[in-house]
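Report on one structure; see the data block that follows.
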Amino acid sequence: MKKLGLNAPLQAQSLVELIAERLEASIVSGELAPGEKLSEQGLALALGVSRGPLREAIRRLEGRKLIERIPNIGARVAELSDRDLFDILMVREALEGIACRHAATLMTDAEIASLRGLLETHGQQESVRAGTGYYQEAKDFDFHFRIAKASGNARLAQMLCGDLYDLLRVYRYKSSTMSGRAQAAYGEHREIVEALEARDPDRAEACMRRHIRNARAHVETRLAERPAGAAPPKRRATAGRARIKSLEEQS
């Protein structure tokens, strides 16, 4: 997984973009947990930046639905309930299946070869090999994004890569950290590429649907194990939160 945590020094590029990138990676990796309240003071100290560019970066991530602003509370990392996630994945099973079906006939040989290359790069991640997680960067570095864009259907691609795209990446990574899921997901991606290489739309759709269905099964298991009416388990403090608290106490 790409290391972009809160403790790494910033380089001299576009500061707002760098801050947004750093926050995004920390959110997707879980260093900043879903639902966690964001302290501008703590984040500014942790990143070594002023509040001006930090606020602009937070606004950008609000626009991408990774951060939400709650009246009288402030900014916090956006979150989905297990129920919402389950329902969204049910819809995405159909939509991504259709996208993969069309991609099987529309993708060029070069595009499929590039997708295969991207997948091989993913397979070199230590976390995938160890089965501890499967991290994908956004947009063209994301297996699902590439296939959605290759469907040839602009409306379908917008539905899959629009509003909840970035937030779903958080939960995809979180799901991949569960026992055995990272390697299973990688294997399912390989099956999808093989179906695309074979130009078999039926097989491509079936493989993608099975892949999304397996991800949904993990959510379904969590829902089934939770007692009726029970609140979600309390989130444990993350390294990012502990770091920020420590910096605030020093200020």
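Ordered as shown in the structure tokens, chains take letters A, B, and onward, while each chain numbers its residues from 1 and ligands are numbered from 1 in the order shown.
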Looking only at the backbone, which of the residues in range 44-177 of chain A does DSSP tag as alpha helix (DSSP H), as a ChimeraX atom specification? /A:44-47,51-63,82-106,109-123,126-130,143-149,154-161,165-176
With a distance cut-off of 12 Å and only C-alpha atoms, select the neighbouring residues of Glu137 in chain A, excluding the residue or stretch itself and same-chain residues fewer than 6 positions from it, and output the selection as a compact mmCIF listing (two decimals) with C-alpha atoms, in the first residue's frame.
# COMPACT_ATOMS: atom_id res chain seq x y z
CA MET A 1 0.00 0.00 0.00
CA LYS A 2 1.23 3.48 -0.87
CA LYS A 3 2.52 5.20 2.26
CA LEU A 4 0.91 8.64 2.51
CA GLU A 21 -4.02 13.37 -1.32
CA GLU A 24 -7.59 10.75 1.12
CA ALA A 25 -4.99 8.03 1.65
CA SER A 26 -5.41 8.26 5.42
CA VAL A 28 -9.07 5.00 2.61
CA SER A 29 -6.51 3.14 4.74
CA LEU A 118 -2.30 -2.95 -13.59
CA THR A 121 1.19 -4.43 -10.19
CA HIS A 122 -1.53 -4.92 -7.59
CA PHE A 143 -9.43 -1.97 -11.54
CA HIS A 144 -13.18 -1.27 -11.29
CA PHE A 145 -12.86 2.31 -12.56
CA ARG A 146 -11.07 1.14 -15.71
CA TYR A 165 -17.10 6.18 -5.85
CA ASP A 166 -14.46 7.48 -3.44
CA ARG A 169 -13.14 2.74 -1.97
CA VAL A 170 -12.89 3.14 1.81
CA ARG A 172 -13.61 -1.91 -0.40
CA TYR A 173 -10.23 -1.56 1.29
Every residue of range 48-212 of chain A that DSSP places in strand (DSSP E or B), as a count of residues only: 8
If we count only C-alpha atoms and set the cut-off at 8 Å, which residues sit around range 192-206 of chain A, ignoring sequence neighbours fewer than 3 positions away in its own chain? Please answer as an MDAnalysis selection string. chainID A and resid 96:105 109 112 115:116 188:189 209:210
For the selection just defined, write its residues with C-alpha atoms to a file, as a short mmCIF file (atom, residue, chain, number, x, y, z; two decimals), in the first residue's frame.
data_model
loop_
_atom_site.label_atom_id
_atom_site.label_comp_id
_atom_site.auth_asym_id
_atom_site.auth_seq_id
_atom_site.Cartn_x
_atom_site.Cartn_y
_atom_site.Cartn_z
CA GLU A 96 -20.82 -3.47 -12.71
CA GLY A 97 -21.90 -6.76 -14.27
CA ILE A 98 -23.42 -4.86 -17.21
CA ALA A 99 -20.32 -2.65 -17.51
CA CYS A 100 -18.07 -5.71 -17.61
CA ARG A 101 -20.29 -7.37 -20.24
CA HIS A 102 -19.94 -4.38 -22.56
CA ALA A 103 -16.23 -3.99 -21.83
CA ALA A 104 -15.64 -7.56 -23.03
CA THR A 105 -16.58 -6.55 -26.56
CA ASP A 109 -6.40 -5.42 -26.98
CA ILE A 112 -7.00 -5.21 -21.81
CA LEU A 115 -5.57 -3.74 -17.31
CA ARG A 116 -3.63 -7.00 -16.98
CA GLU A 188 -11.50 -12.80 -8.71
CA HIS A 189 -9.94 -9.85 -10.56
CA ARG A 209 -21.27 -10.21 -10.45
CA ARG A 210 -19.73 -13.01 -8.38
#
Of the residues A:His218, A:Arg129, A:Arg213, A:Arg181, which is the one nearest to Met90 in chain A, using only C-alpha atoms?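 Among the listed residues, the smallest separation from Met90 in chain A belongs to A:Arg213.
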Selected residue of minimal separation from Cys161 in chain A among A:Gly133, A:Met178, A:Asp140, A:Glu68, counting only C-alpha atoms: A:Asp140
Mind checking which residues fall within 10 Å of range 59-66 of chain A, counting only C-alpha atoms, ignoring those fewer than 2 positions away in the same chain, and posting them as an MDAnalysis selection string? chainID A and resid 16:17 20:21 23:24 27:28 34 53:57 68:69 75:79 162:170
Could you write out the selected residues, including C-alpha atoms, as an mmCIF file, in the first residue's frame?
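New file part-v1.cif:
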data_model
loop_
_atom_site.group_PDB
_atom_site.id
_atom_site.type_symbol
_atom_site.label_atom_id
_atom_site.label_comp_id
_atom_site.auth_asym_id
_atom_site.auth_seq_id
_atom_site.Cartn_x
_atom_site.Cartn_y
_atom_site.Cartn_z
ATOM 1 C CA VAL A 16 -3.752 21.886 -1.415
ATOM 2 C CA GLU A 17 -3.487 18.861 -3.735
ATOM 3 C CA ALA A 20 -6.043 16.368 -0.117
ATOM 4 C CA GLU A 21 -4.023 13.370 -1.317
ATOM 5 C CA LEU A 23 -6.059 12.981 3.795
ATOM 6 C CA GLU A 24 -7.593 10.753 1.125
ATOM 7 C CA ILE A 27 -9.191 7.918 5.064
ATOM 8 C CA VAL A 28 -9.069 5.002 2.611
ATOM 9 C CA PRO A 34 -15.334 6.507 9.102
ATOM 10 C CA PRO A 53 -4.881 25.241 2.396
ATOM 11 C CA LEU A 54 -6.107 22.567 4.827
ATOM 12 C CA ARG A 55 -9.650 23.956 4.688
ATOM 13 C CA GLU A 56 -9.542 24.043 0.880
ATOM 14 C CA ALA A 57 -8.353 20.415 0.816
ATOM 15 C CA GLU A 68 -19.097 15.518 5.429
ATOM 16 C CA ARG A 69 -19.893 18.616 7.464
ATOM 17 C CA ALA A 75 -16.253 18.126 9.529
ATOM 18 C CA ARG A 76 -15.931 14.382 9.923
ATOM 19 C CA VAL A 77 -14.971 11.413 7.782
ATOM 20 C CA ALA A 78 -18.047 10.259 5.871
ATOM 21 C CA GLU A 79 -19.418 6.831 6.658
ATOM 22 C CA GLY A 162 -19.727 9.412 -9.532
ATOM 23 C CA ASP A 163 -21.104 10.373 -6.133
ATOM 24 C CA LEU A 164 -20.136 7.429 -3.922
ATOM 25 C CA TYR A 165 -17.104 6.183 -5.851
ATOM 26 C CA ASP A 166 -14.457 7.477 -3.436
ATOM 27 C CA LEU A 167 -16.405 6.597 -0.295
ATOM 28 C CA LEU A 168 -16.917 3.043 -1.540
ATOM 29 C CA ARG A 169 -13.138 2.743 -1.967
ATOM 30 C CA VAL A 170 -12.891 3.135 1.813
#
For a quick check of understanding, using only C-alpha atoms, which of A:Gly42, A:Gly180, A:Gly52, A:Gly187 has the smallest distance to Thr132 in chain A? A:Gly180
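Using only C-alpha atoms for every distance, the candidate list A:Ser151, A:Ser127, A:Asn214, A:Gln136 yields A:Ser127 as the residue closest to Gln183 in chain A.
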In Å, with one decimal, what is the gap from CA of Leu160 in chain A to CA of Ile147 in chain A?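 Those two atoms sit 10.1 Å apart.
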A straight line from CA of Tyr171 in chain A to CA of Ile70 in chain A spans 21.0 Å
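Interatomic distance, CA of Asp142 in chain A against CA of Met208 in chain A: 14.5 Å.
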Which of these, A:Leu38, A:Ala113, A:Val219, A:Leu156, has the shortest distance to Ser176 in chain A once you count only C-alpha atoms? A:Val219
Quick one: of A:Ile88, A:Ala185, A:Val49, A:Ala150, who's nearest to Leu119 in chain A, counting only C-alpha atoms?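 Using only C-alpha atoms, the shortest distance to Leu119 in chain A belongs to A:Ala185.
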